[in-house]
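Below is one structure, written out as structure tokens; the observations come after it.
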Amino acid sequence: MQKTTRRSFLALAASAVAVMGLTSCGLSGGNAASSDDKTIKMIVTESAPSQEPTKIAQKILEQQGWKLEATYVTDIVQPNHVVSNGEYDANFFQHGAYLEQFKKDQNVDVEPAFYTYSSPAGVYSSKYKSASELPDGAKIALPVDPANNGRALALLDKAGLLKVTEGKSVIHLSQKDILENPKNFSFVEVDQQSLSKTLPDVDAGFLFARLGAEIGLTPEDALLFEKEEEALPYINLVAAKPGFMDTEKGKALEAAYHSDEVRDWYKNYLDGALTTPWDRDWKADFATWNK
């Protein structure tokens, strides 16, 4: 299994900027619709928790005289760039921690618009039933991107299996913060979309609830799992250019995604594991962890 480093992940992001023609990836959609027309252009990750609610929102907006044009991708680098440069109005693929790290690394002009669904995660294993069973020298898979890299480390620390830098925000934790590793765990960093595929090759691995569901795992199957307050940086959201939410189309888009129909879809997906924290103030939440 080839190891992907955090440095190579950021290098990939940088290289993507150099080829921002985007036509080879099917993302060249021209300029986003102007603020006074009735078309909203979005770029959305090709996964059920984003794709299916978007289809529901499309139908709701159509009944109101809007047209929501959605482009579905698996890429997690270019969607912020195409919103920042005005090709799309908004994107729906990331959580707050990823967006804030990406803005620092890539200097894009994108900000949160509104929350969509929670994205809790945990440490899973196909070989062991509890975290205490993990053997000396166990190999554990972590997501390579910096925003998610420390989440498993925080869970292992909480379980008493590691000791990491105290008081450091989970979004900034990395292997450099491991102070004590009594069981000599080793860590391999892979692309977040490949975590479920690599689980059989390691003793344990970090998985989003959504990725676990794709291979038949539920949060109850996890060795360790985040509580809601521990996962505030990882609430998924729609992001857009600054000022978008002051426009008529921004307000219409939020109302469609925050509809009863969309809420019901999430309640029926993964037994409601992905909650809809729409009443939370993202600005207040960000202030607690984005330091």
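Convention: chains lettered A, B, ... in structure tokens order; per-chain residue numbering from 1; ligands numbered from 1 as shown.
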
**OP:** Within 12 Å of Lys267 (chain A), counting only C-alpha atoms, which residues show up once you throw out same-chain ones fewer than 6 positions away? Write them as a list in words, please.
**Re:** Pro49, Pro53, Tyr117, Ser118, Asp260, Glu261, Ala273, Leu274, Thr275 and Thr276 of chain A

Original post:
So, counting only C-alpha atoms, which residue among A:Asn236, A:Ser47, A:Thr116, A:Thr71 is closest to Tyr257 (chain A)?
Top reply: A:Thr116

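Contact shell of Phe208 (chain A) at 8 Å (only C-alpha atoms; same-chain neighbours under 6 positions omitted): Ser119, Pro120, Ala121 and Gly122 of chain A.
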
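Here the question is which of A:Asn80, A:Ala256, A:Lys127, A:Leu232 gets nearest to Ala287 (chain A) using only C-alpha atoms, and that residue is A:Leu232.
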